Amino acid sequence: MAIGRVLYEHYLFKEALRGQRGVSACIRGSRGWWNQWAYLLPQIHVNLGIALEAEGMVLSACEHYREAAILCPTHFRALKLLGSALFGVGEYKAAVKALEEAIYMKNDYADAHCDLASALHAMGDDENAIKEFQKAIDLKPGHVDALYNLGGLYMDMGRYQRASEMYTRVLGVWPNHWRAQLNKAVSLLGAGETEEAKKALKEALKMTNRVELHDAISHLKQLQKRKLRVTVMAMVRQPSLL
């Protein structure tokens with residue numbers, strides 16, 4: 001198990017997967033080993049699930065997380081991982097159920113609150129999603145995923161100023177988070193703060209030269225031209241006072 005963990009930490013996912021399967025087979029294949037080491041099986045299933053997920057085999061990972069939870073019903077991490085994986089394959093209701101069970105066992109599990117919020121948002125339950133994101137942030141004020149995803153939720157709701165605040169907090173924790181910087185620019189643009197949006201885009205360009213940034217800059221320029229054109233047309237349409 002220790003070797004498997006080291007292999008995983010070095011991104012050798014296939015090797016880690018083979019190692020964990022070998023341990024599982026040894027324990028299941030020997031009655032003496034089973035009596036002595038059966039308590040390890042839930043963690044082995046969790047490790048297998050993590051390795052499978054890293055290889056893109058999310059459905060197979062779900063089965064191992066589920067097996068771990070069956071073998072050890074109090075394994076809140078297995079339930080959290082199951083919920084997150086189910087969310088990843090679009091099984092939102094099942095994801096919510098697993099994540100709620102994990103939180104029931106460990107109410108201060110910030111990551112579970114964060115993932116539950118994402119699942120609720122995917123189901124259209126935005127108000128409860130905001131509450132869950134906020135719980136994650138209250139438990140861990142520097143929770144980057146919760147702050148970033150809450151920013152995205154506010155963007156979807158058209159609450160651009162609040163979204164900008166969330167992205168600013170992300171950048172306070174992770175100053176080189178270029179996606180947060182880009183989304184901050186977009187949210188500022190949505191809030192009508194064009195000059196601040198331009199500054200934010202310039203900061204994002206200092207972080208990376210990805211094509212998404214250039215697309216956003218082009219979009220900003222088009223919006224500025226459109227705004228100028230609308231302003232000119234409005235001036236032309238005004239009745240003369242003479």
# chains A, B, ... in the order shown; residues from 1 in each chain; ligands from 1

$ residues_around --residues "Pro42 of chain A" --least-positions-apart "6" --cutoff "10 Å" --atoms "only C-alpha atoms" --output "compact mmCIF listing (two decimals) with all heavy atoms, in the first residue's frame"
# COMPACT_ATOMS: atom_id res chain seq x y z
N SER A 24 -4.90 -6.34 -2.81
CA SER A 24 -6.27 -6.79 -2.62
C SER A 24 -6.39 -8.28 -2.90
O SER A 24 -7.04 -9.03 -2.16
CB SER A 24 -7.20 -6.00 -3.55
OG SER A 24 -8.53 -6.44 -3.41
N LEU A 48 -7.55 2.23 -4.95
CA LEU A 48 -7.83 1.78 -6.32
C LEU A 48 -8.71 2.79 -7.05
O LEU A 48 -8.48 3.11 -8.22
CB LEU A 48 -8.52 0.41 -6.30
CG LEU A 48 -7.61 -0.80 -6.11
CD1 LEU A 48 -8.45 -2.03 -5.77
CD2 LEU A 48 -6.80 -1.07 -7.37
N HIS A 64 -15.33 1.13 -6.76
CA HIS A 64 -14.40 0.87 -5.65
C HIS A 64 -14.72 1.76 -4.45
O HIS A 64 -14.65 1.31 -3.30
CB HIS A 64 -12.97 1.07 -6.12
CG HIS A 64 -12.45 -0.07 -6.93
ND1 HIS A 64 -12.07 -1.28 -6.37
CD2 HIS A 64 -12.28 -0.21 -8.26
CE1 HIS A 64 -11.68 -2.11 -7.32
NE2 HIS A 64 -11.80 -1.49 -8.48
N TYR A 65 -15.08 3.01 -4.69
CA TYR A 65 -15.47 3.87 -3.57
C TYR A 65 -16.71 3.32 -2.89
O TYR A 65 -16.83 3.31 -1.66
CB TYR A 65 -15.76 5.30 -4.06
CG TYR A 65 -14.57 6.02 -4.65
CD1 TYR A 65 -14.72 6.87 -5.75
CD2 TYR A 65 -13.30 5.88 -4.10
CE1 TYR A 65 -13.65 7.55 -6.29
CE2 TYR A 65 -12.20 6.55 -4.64
CZ TYR A 65 -12.39 7.39 -5.74
OH TYR A 65 -11.32 8.06 -6.28
N ARG A 66 -17.65 2.83 -3.71
CA ARG A 66 -18.89 2.26 -3.17
C ARG A 66 -18.59 1.00 -2.35
O ARG A 66 -19.16 0.80 -1.26
CB ARG A 66 -19.85 1.94 -4.32
CG ARG A 66 -21.26 1.59 -3.87
CD ARG A 66 -22.20 1.43 -5.05
NE ARG A 66 -22.63 2.70 -5.61
CZ ARG A 66 -22.28 3.15 -6.81
NH1 ARG A 66 -21.47 2.44 -7.58
NH2 ARG A 66 -22.73 4.31 -7.25
N GLU A 67 -17.69 0.17 -2.85
CA GLU A 67 -17.30 -1.05 -2.13
C GLU A 67 -16.65 -0.71 -0.80
O GLU A 67 -16.90 -1.37 0.22
CB GLU A 67 -16.35 -1.88 -3.00
CG GLU A 67 -15.97 -3.24 -2.40
CD GLU A 67 -17.14 -4.20 -2.30
OE1 GLU A 67 -18.14 -4.01 -3.03
OE2 GLU A 67 -17.06 -5.14 -1.48
N ALA A 68 -15.81 0.33 -0.79
CA ALA A 68 -15.17 0.76 0.45
C ALA A 68 -16.21 1.20 1.47
O ALA A 68 -16.12 0.88 2.66
CB ALA A 68 -14.19 1.90 0.16
N ALA A 69 -17.23 1.92 1.00
CA ALA A 69 -18.28 2.40 1.90
C ALA A 69 -19.14 1.25 2.42
O ALA A 69 -19.63 1.31 3.55
CB ALA A 69 -19.16 3.43 1.17
N ILE A 70 -19.32 0.21 1.60
CA ILE A 70 -20.07 -0.96 2.05
C ILE A 70 -19.29 -1.72 3.12
O ILE A 70 -19.83 -2.13 4.15
CB ILE A 70 -20.40 -1.89 0.86
CG1 ILE A 70 -21.42 -1.20 -0.07
CG2 ILE A 70 -20.94 -3.24 1.34
CD1 ILE A 70 -21.61 -1.90 -1.40
N LEU A 71 -18.00 -1.90 2.88
CA LEU A 71 -17.15 -2.62 3.83
C LEU A 71 -16.97 -1.85 5.13
O LEU A 71 -16.84 -2.44 6.21
CB LEU A 71 -15.78 -2.90 3.21
CG LEU A 71 -15.73 -3.93 2.08
CD1 LEU A 71 -14.39 -3.90 1.37
CD2 LEU A 71 -16.02 -5.33 2.63
N CYS A 72 -16.96 -0.51 5.01
CA CYS A 72 -16.79 0.33 6.20
C CYS A 72 -17.79 1.49 6.11
O CYS A 72 -17.46 2.55 5.57
CB CYS A 72 -15.35 0.85 6.27
SG CYS A 72 -15.03 1.87 7.73
N PRO A 73 -19.01 1.31 6.62
CA PRO A 73 -20.06 2.32 6.47
C PRO A 73 -19.73 3.69 7.08
O PRO A 73 -20.38 4.67 6.75
CB PRO A 73 -21.26 1.68 7.21
CG PRO A 73 -20.98 0.21 7.16
CD PRO A 73 -19.50 0.08 7.28
N HIS A 75 -16.82 5.15 6.67
CA HIS A 75 -15.68 5.69 5.90
C HIS A 75 -16.16 6.93 5.14
O HIS A 75 -16.51 6.87 3.96
CB HIS A 75 -15.16 4.62 4.93
CG HIS A 75 -13.74 4.83 4.49
ND1 HIS A 75 -13.26 6.04 4.06
CD2 HIS A 75 -12.68 3.97 4.42
CE1 HIS A 75 -11.99 5.93 3.72
NE2 HIS A 75 -11.61 4.68 3.95
N ALA A 78 -14.50 7.79 1.75
CA ALA A 78 -14.95 6.99 0.61
C ALA A 78 -16.26 7.56 0.07
O ALA A 78 -16.45 7.66 -1.15
CB ALA A 78 -15.15 5.54 1.03

$ closest_atom_pairs --of "segment 174-226 of chain A" --to "segment 128-145 of chain A" --cutoff "10 Å" --atoms "only C-alpha atoms" --output "Markdown table"
| residue | atom | partner | partner_atom | distance |
| --- | --- | --- | --- | --- |
| A:Trp174 | CA | A:Val144 | CA | 7.8 |
| A:His177 | CA | A:Val144 | CA | 9.7 |
| A:Ala180 | CA | A:Val144 | CA | 9.8 |

$ closest_residue --among "A:Arg77, A:Lys93, A:Arg159, A:Arg179" --to "Val211 of chain A" --atoms "only C-alpha atoms"
A:Arg179

$ select_by_dssp --residues "segment 77-197 of chain A" --states "alpha helix (DSSP H)" --output "short mmCIF file (atom, residue, chain, number, x, y, z; two decimals) with N, CA, C and O atoms, in the first residue's frame"
data_model
loop_
_atom_site.label_atom_id
_atom_site.label_comp_id
_atom_site.auth_asym_id
_atom_site.auth_seq_id
_atom_site.Cartn_x
_atom_site.Cartn_y
_atom_site.Cartn_z
N ARG A 77 -14.59 9.46 3.99
CA ARG A 77 -13.79 9.87 2.83
C ARG A 77 -14.20 9.08 1.59
O ARG A 77 -14.26 9.64 0.48
N ALA A 78 -14.50 7.79 1.75
CA ALA A 78 -14.95 6.99 0.61
C ALA A 78 -16.26 7.56 0.07
O ALA A 78 -16.45 7.66 -1.15
N LEU A 79 -17.16 7.96 0.95
CA LEU A 79 -18.44 8.54 0.52
C LEU A 79 -18.23 9.87 -0.18
O LEU A 79 -18.89 10.17 -1.18
N LYS A 80 -17.30 10.67 0.35
CA LYS A 80 -17.01 11.95 -0.30
C LYS A 80 -16.45 11.73 -1.70
O LYS A 80 -16.86 12.37 -2.67
N LEU A 81 -15.49 10.82 -1.82
CA LEU A 81 -14.90 10.53 -3.12
C LEU A 81 -15.93 9.94 -4.08
O LEU A 81 -15.93 10.26 -5.28
N LEU A 82 -16.82 9.11 -3.56
CA LEU A 82 -17.90 8.56 -4.38
C LEU A 82 -18.78 9.69 -4.90
O LEU A 82 -19.11 9.73 -6.09
N GLY A 83 -19.17 10.59 -4.01
CA GLY A 83 -20.01 11.71 -4.42
C GLY A 83 -19.35 12.58 -5.47
O GLY A 83 -19.97 12.97 -6.46
N SER A 84 -18.06 12.85 -5.29
CA SER A 84 -17.34 13.69 -6.24
C SER A 84 -17.23 13.01 -7.60
O SER A 84 -17.38 13.65 -8.65
N ALA A 85 -16.98 11.69 -7.59
CA ALA A 85 -16.87 10.95 -8.84
C ALA A 85 -18.22 10.87 -9.55
O ALA A 85 -18.31 11.01 -10.78
N LEU A 86 -19.29 10.65 -8.79
CA LEU A 86 -20.64 10.61 -9.37
C LEU A 86 -20.99 11.96 -10.00
O LEU A 86 -21.60 12.02 -11.07
N PHE A 87 -20.59 13.02 -9.33
CA PHE A 87 -20.80 14.36 -9.90
C PHE A 87 -20.06 14.48 -11.23
O PHE A 87 -20.58 15.04 -12.19
N GLY A 88 -18.86 13.92 -11.28
CA GLY A 88 -18.05 14.00 -12.49
C GLY A 88 -18.66 13.30 -13.69
O GLY A 88 -18.39 13.68 -14.83
N TYR A 92 -25.99 13.55 -10.60
CA TYR A 92 -26.05 14.60 -9.59
C TYR A 92 -26.84 14.20 -8.34
O TYR A 92 -26.41 14.48 -7.22
N LYS A 93 -27.99 13.55 -8.51
CA LYS A 93 -28.80 13.16 -7.35
C LYS A 93 -28.04 12.16 -6.47
O LYS A 93 -28.03 12.28 -5.24
N ALA A 94 -27.42 11.18 -7.11
CA ALA A 94 -26.64 10.20 -6.36
C ALA A 94 -25.44 10.86 -5.69
O ALA A 94 -25.06 10.50 -4.56
N ALA A 95 -24.85 11.83 -6.36
CA ALA A 95 -23.71 12.56 -5.80
C ALA A 95 -24.13 13.31 -4.54
O ALA A 95 -23.45 13.27 -3.51
N VAL A 96 -25.28 13.99 -4.62
CA VAL A 96 -25.79 14.73 -3.47
C VAL A 96 -26.01 13.80 -2.29
O VAL A 96 -25.64 14.10 -1.14
N LYS A 97 -26.60 12.63 -2.54
CA LYS A 97 -26.88 11.67 -1.47
C LYS A 97 -25.58 11.21 -0.79
O LYS A 97 -25.49 11.20 0.45
N ALA A 98 -24.58 10.84 -1.59
CA ALA A 98 -23.31 10.37 -1.02
C ALA A 98 -22.61 11.48 -0.24
O ALA A 98 -22.07 11.25 0.85
N LEU A 99 -22.62 12.67 -0.77
CA LEU A 99 -21.94 13.80 -0.12
C LEU A 99 -22.66 14.20 1.16
O LEU A 99 -22.01 14.55 2.16
N GLU A 100 -23.98 14.15 1.16
CA GLU A 100 -24.73 14.45 2.38
C GLU A 100 -24.43 13.42 3.46
O GLU A 100 -24.33 13.77 4.65
N GLU A 101 -24.27 12.16 3.07
CA GLU A 101 -23.92 11.11 4.04
C GLU A 101 -22.53 11.36 4.62
O GLU A 101 -22.31 11.19 5.82
N ALA A 102 -21.59 11.76 3.77
CA ALA A 102 -20.24 12.06 4.24
C ALA A 102 -20.26 13.21 5.24
O ALA A 102 -19.60 13.17 6.28
N ILE A 103 -21.04 14.24 4.94
CA ILE A 103 -21.13 15.41 5.82
C ILE A 103 -21.85 15.05 7.12
O ILE A 103 -21.49 15.57 8.19
N TYR A 104 -22.84 14.15 7.04
CA TYR A 104 -23.52 13.71 8.25
C TYR A 104 -22.53 13.07 9.22
O TYR A 104 -22.63 13.25 10.44
N MET A 105 -21.57 12.33 8.68
CA MET A 105 -20.56 11.67 9.52
C MET A 105 -19.46 12.64 9.97
O MET A 105 -18.90 12.49 11.05
N ALA A 110 -14.82 20.28 4.83
CA ALA A 110 -14.95 21.41 3.90
C ALA A 110 -15.04 20.96 2.44
O ALA A 110 -15.85 21.49 1.67
N ASP A 111 -14.20 20.00 2.06
CA ASP A 111 -14.20 19.53 0.67
C ASP A 111 -15.55 18.92 0.28
O ASP A 111 -16.02 19.09 -0.86
N ALA A 112 -16.18 18.21 1.22
CA ALA A 112 -17.48 17.60 0.94
C ALA A 112 -18.55 18.68 0.77
O ALA A 112 -19.41 18.59 -0.11
N HIS A 113 -18.51 19.72 1.61
CA HIS A 113 -19.46 20.83 1.46
C HIS A 113 -19.28 21.51 0.10
O HIS A 113 -20.26 21.86 -0.57
N CYS A 114 -18.03 21.67 -0.32
CA CYS A 114 -17.74 22.30 -1.60
C CYS A 114 -18.30 21.49 -2.76
O CYS A 114 -18.97 22.03 -3.65
N ASP A 115 -18.06 20.18 -2.74
CA ASP A 115 -18.54 19.33 -3.84
C ASP A 115 -20.06 19.19 -3.82
O ASP A 115 -20.71 19.10 -4.86
N LEU A 116 -20.64 19.19 -2.62
CA LEU A 116 -22.10 19.15 -2.51
C LEU A 116 -22.69 20.41 -3.14
O LEU A 116 -23.69 20.35 -3.86
N ALA A 117 -22.06 21.54 -2.88
CA ALA A 117 -22.52 22.80 -3.48
C ALA A 117 -22.49 22.73 -5.00
O ALA A 117 -23.43 23.17 -5.67
N SER A 118 -21.42 22.17 -5.56
CA SER A 118 -21.31 22.06 -7.02
C SER A 118 -22.42 21.17 -7.58
O SER A 118 -23.01 21.47 -8.63
N ALA A 119 -22.72 20.07 -6.88
CA ALA A 119 -23.78 19.16 -7.33
C ALA A 119 -25.14 19.84 -7.25
O ALA A 119 -25.98 19.71 -8.15
N LEU A 120 -25.38 20.59 -6.19
CA LEU A 120 -26.65 21.30 -6.03
C LEU A 120 -26.80 22.37 -7.13
O LEU A 120 -27.89 22.54 -7.68
N HIS A 121 -25.72 23.05 -7.43
CA HIS A 121 -25.75 24.05 -8.50
C HIS A 121 -26.08 23.39 -9.84
O HIS A 121 -26.88 23.92 -10.63
N ALA A 122 -25.50 22.22 -10.08
CA ALA A 122 -25.77 21.50 -11.33
C ALA A 122 -27.23 21.10 -11.43
O ALA A 122 -27.79 20.99 -12.53
N ASP A 126 -29.61 26.73 -6.60
CA ASP A 126 -28.53 27.69 -6.39
C ASP A 126 -28.48 28.26 -4.97
O ASP A 126 -27.38 28.51 -4.45
N GLU A 127 -29.62 28.47 -4.36
CA GLU A 127 -29.62 29.07 -3.01
C GLU A 127 -28.94 28.14 -2.01
O GLU A 127 -28.13 28.58 -1.19
N ASN A 128 -29.27 26.84 -2.07
CA ASN A 128 -28.62 25.89 -1.16
C ASN A 128 -27.16 25.67 -1.55
O ASN A 128 -26.32 25.41 -0.69
N ALA A 129 -26.86 25.79 -2.84
CA ALA A 129 -25.47 25.69 -3.29
C ALA A 129 -24.64 26.80 -2.67
O ALA A 129 -23.52 26.56 -2.19
N ILE A 130 -25.17 28.01 -2.66
CA ILE A 130 -24.45 29.14 -2.05
C ILE A 130 -24.19 28.86 -0.57
O ILE A 130 -23.09 29.10 -0.06
N LYS A 131 -25.20 28.32 0.12
CA LYS A 131 -25.04 28.01 1.55
C LYS A 131 -23.92 26.99 1.78
O LYS A 131 -23.13 27.12 2.71
N GLU A 132 -23.87 25.97 0.92
CA GLU A 132 -22.86 24.93 1.08
C GLU A 132 -21.45 25.46 0.76
O GLU A 132 -20.49 25.14 1.45
N PHE A 133 -21.36 26.28 -0.30
CA PHE A 133 -20.06 26.90 -0.59
C PHE A 133 -19.61 27.75 0.59
O PHE A 133 -18.44 27.73 0.97
N GLN A 134 -20.55 28.49 1.16
CA GLN A 134 -20.21 29.36 2.28
C GLN A 134 -19.77 28.55 3.50
O GLN A 134 -18.86 28.96 4.23
N LYS A 135 -20.41 27.38 3.72
CA LYS A 135 -20.00 26.52 4.83
C LYS A 135 -18.56 26.06 4.63
O LYS A 135 -17.77 26.03 5.58
N ALA A 136 -18.22 25.69 3.39
CA ALA A 136 -16.85 25.26 3.10
C ALA A 136 -15.86 26.38 3.37
O ALA A 136 -14.79 26.17 3.95
N ILE A 137 -16.24 27.60 2.99
CA ILE A 137 -15.36 28.76 3.18
C ILE A 137 -15.25 29.11 4.67
O ILE A 137 -14.18 29.48 5.15
N ASP A 138 -16.36 28.98 5.40
CA ASP A 138 -16.32 29.24 6.85
C ASP A 138 -15.39 28.26 7.55
O ASP A 138 -14.66 28.62 8.48
N LEU A 139 -15.43 27.00 7.09
CA LEU A 139 -14.57 25.98 7.70
C LEU A 139 -13.11 26.16 7.30
O LEU A 139 -12.19 25.90 8.08
N VAL A 144 -9.70 27.38 -2.02
CA VAL A 144 -9.66 27.95 -3.36
C VAL A 144 -10.80 27.45 -4.22
O VAL A 144 -11.45 28.23 -4.93
N ASP A 145 -11.06 26.15 -4.20
CA ASP A 145 -12.13 25.59 -5.05
C ASP A 145 -13.49 26.17 -4.69
O ASP A 145 -14.29 26.50 -5.57
N ALA A 146 -13.76 26.30 -3.38
CA ALA A 146 -15.05 26.83 -2.96
C ALA A 146 -15.19 28.30 -3.38
O ALA A 146 -16.24 28.71 -3.89
N LEU A 147 -14.14 29.08 -3.18
CA LEU A 147 -14.17 30.49 -3.56
C LEU A 147 -14.34 30.65 -5.07
O LEU A 147 -15.15 31.44 -5.55
N TYR A 148 -13.56 29.86 -5.82
CA TYR A 148 -13.59 29.96 -7.29
C TYR A 148 -14.95 29.52 -7.83
O TYR A 148 -15.54 30.20 -8.68
N ASN A 149 -15.45 28.40 -7.34
CA ASN A 149 -16.73 27.88 -7.85
C ASN A 149 -17.90 28.75 -7.41
O ASN A 149 -18.89 28.88 -8.15
N LEU A 150 -17.80 29.35 -6.22
CA LEU A 150 -18.85 30.28 -5.80
C LEU A 150 -18.84 31.51 -6.71
O LEU A 150 -19.91 32.04 -7.06
N GLY A 151 -17.65 31.93 -7.11
CA GLY A 151 -17.56 33.01 -8.08
C GLY A 151 -18.27 32.66 -9.38
O GLY A 151 -19.00 33.47 -9.95
N GLY A 152 -18.06 31.43 -9.84
CA GLY A 152 -18.73 30.97 -11.06
C GLY A 152 -20.24 30.93 -10.91
O GLY A 152 -20.98 31.26 -11.84
N LEU A 153 -20.70 30.52 -9.72
CA LEU A 153 -22.14 30.47 -9.45
C LEU A 153 -22.73 31.89 -9.49
O LEU A 153 -23.79 32.12 -10.10
N TYR A 154 -22.05 32.82 -8.85
CA TYR A 154 -22.53 34.21 -8.88
C TYR A 154 -22.55 34.75 -10.31
O TYR A 154 -23.44 35.51 -10.69
N MET A 155 -21.55 34.36 -11.11
CA MET A 155 -21.53 34.78 -12.52
C MET A 155 -22.77 34.25 -13.24
O MET A 155 -23.44 34.97 -13.98
N ASP A 156 -23.08 32.97 -13.02
CA ASP A 156 -24.25 32.36 -13.66
C ASP A 156 -25.55 33.06 -13.25
O ASP A 156 -26.50 33.13 -14.03
N TYR A 160 -22.51 39.91 -10.70
CA TYR A 160 -21.13 40.08 -11.15
C TYR A 160 -20.22 40.70 -10.08
O TYR A 160 -19.04 40.34 -9.98
N GLN A 161 -20.75 41.62 -9.31
CA GLN A 161 -19.92 42.25 -8.28
C GLN A 161 -19.49 41.23 -7.23
O GLN A 161 -18.33 41.20 -6.80
N ARG A 162 -20.43 40.37 -6.81
CA ARG A 162 -20.11 39.32 -5.83
C ARG A 162 -19.13 38.33 -6.43
O ARG A 162 -18.22 37.85 -5.74
N ALA A 163 -19.31 38.02 -7.71
CA ALA A 163 -18.37 37.11 -8.38
C ALA A 163 -16.97 37.69 -8.36
O ALA A 163 -16.00 36.99 -8.05
N SER A 164 -16.86 38.98 -8.66
CA SER A 164 -15.56 39.65 -8.66
C SER A 164 -14.90 39.56 -7.28
O SER A 164 -13.69 39.32 -7.16
N GLU A 165 -15.70 39.71 -6.23
CA GLU A 165 -15.18 39.62 -4.85
C GLU A 165 -14.61 38.23 -4.58
O GLU A 165 -13.57 38.08 -3.93
N MET A 166 -15.31 37.19 -5.06
CA MET A 166 -14.84 35.81 -4.84
C MET A 166 -13.50 35.57 -5.56
O MET A 166 -12.58 34.99 -5.00
N TYR A 167 -13.41 36.04 -6.81
CA TYR A 167 -12.18 35.85 -7.56
C TYR A 167 -11.02 36.64 -6.94
O TYR A 167 -9.87 36.18 -6.96
N THR A 168 -11.33 37.78 -6.37
CA THR A 168 -10.30 38.56 -5.67
C THR A 168 -9.78 37.78 -4.48
O THR A 168 -8.57 37.77 -4.20
N ARG A 169 -10.67 37.10 -3.78
CA ARG A 169 -10.25 36.28 -2.63
C ARG A 169 -9.42 35.08 -3.07
O ARG A 169 -8.47 34.69 -2.38
N VAL A 170 -9.77 34.50 -4.21
CA VAL A 170 -8.95 33.40 -4.75
C VAL A 170 -7.53 33.90 -5.00
O VAL A 170 -6.56 33.25 -4.63
N LEU A 171 -7.42 35.07 -5.61
CA LEU A 171 -6.11 35.63 -5.94
C LEU A 171 -5.33 36.00 -4.68
O LEU A 171 -4.10 36.02 -4.69
N GLY A 172 -6.04 36.28 -3.60
CA GLY A 172 -5.37 36.54 -2.32
C GLY A 172 -4.69 35.30 -1.78
O GLY A 172 -3.66 35.39 -1.09
N VAL A 173 -5.25 34.14 -2.09
CA VAL A 173 -4.67 32.86 -1.65
C VAL A 173 -3.67 32.34 -2.67
O VAL A 173 -2.61 31.81 -2.32
N TRP A 178 -4.43 32.26 -12.94
CA TRP A 178 -4.78 33.07 -14.11
C TRP A 178 -6.26 32.95 -14.47
O TRP A 178 -6.88 33.91 -14.96
N ARG A 179 -6.86 31.79 -14.22
CA ARG A 179 -8.28 31.64 -14.52
C ARG A 179 -9.12 32.56 -13.62
O ARG A 179 -10.11 33.15 -14.08
N ALA A 180 -8.74 32.65 -12.35
CA ALA A 180 -9.45 33.55 -11.45
C ALA A 180 -9.28 35.00 -11.90
O ALA A 180 -10.22 35.80 -11.85
N GLN A 181 -8.07 35.33 -12.35
CA GLN A 181 -7.82 36.69 -12.82
C GLN A 181 -8.64 36.99 -14.08
O GLN A 181 -9.22 38.08 -14.21
N LEU A 182 -8.71 36.03 -14.99
CA LEU A 182 -9.51 36.20 -16.20
C LEU A 182 -10.99 36.34 -15.86
O LEU A 182 -11.68 37.24 -16.36
N ASN A 183 -11.50 35.47 -14.98
CA ASN A 183 -12.91 35.54 -14.61
C ASN A 183 -13.23 36.80 -13.82
O ASN A 183 -14.35 37.31 -13.90
N LYS A 184 -12.24 37.28 -13.07
CA LYS A 184 -12.44 38.56 -12.38
C LYS A 184 -12.67 39.67 -13.41
O LYS A 184 -13.55 40.52 -13.25
N ALA A 185 -11.88 39.65 -14.48
CA ALA A 185 -12.02 40.65 -15.54
C ALA A 185 -13.41 40.55 -16.19
O ALA A 185 -14.08 41.56 -16.41
N VAL A 186 -13.85 39.32 -16.46
CA VAL A 186 -15.15 39.12 -17.09
C VAL A 186 -16.28 39.59 -16.17
O VAL A 186 -17.24 40.22 -16.61
N SER A 187 -16.16 39.27 -14.86
CA SER A 187 -17.20 39.68 -13.92
C SER A 187 -17.24 41.20 -13.76
O SER A 187 -18.31 41.79 -13.65
N LEU A 188 -16.06 41.83 -13.77
CA LEU A 188 -16.02 43.29 -13.70
C LEU A 188 -16.67 43.91 -14.94
O LEU A 188 -17.37 44.92 -14.86
N LEU A 189 -16.43 43.28 -16.07
CA LEU A 189 -17.06 43.73 -17.32
C LEU A 189 -18.58 43.62 -17.21
O LEU A 189 -19.31 44.53 -17.60
N GLY A 190 -19.05 42.49 -16.66
CA GLY A 190 -20.48 42.29 -16.47
C GLY A 190 -21.08 43.31 -15.52
O GLY A 190 -22.25 43.70 -15.66
N THR A 194 -15.67 48.76 -16.81
CA THR A 194 -14.84 48.45 -17.98
C THR A 194 -13.37 48.71 -17.74
O THR A 194 -12.51 47.89 -18.11
N GLU A 195 -13.03 49.82 -17.12
CA GLU A 195 -11.62 50.16 -16.90
C GLU A 195 -10.95 49.16 -15.95
O GLU A 195 -9.82 48.74 -16.18
N GLU A 196 -11.68 48.78 -14.89
CA GLU A 196 -11.14 47.79 -13.96
C GLU A 196 -11.00 46.43 -14.64
O GLU A 196 -10.06 45.68 -14.37
N ALA A 197 -11.94 46.13 -15.54
CA ALA A 197 -11.87 44.87 -16.28
C ALA A 197 -10.62 44.84 -17.16
O ALA A 197 -9.93 43.81 -17.24
#

$ atom_distance --atom1 "atom CA of Met123 of chain A" --atom2 "atom CA of Ala191 of chain A"
25.9 Å
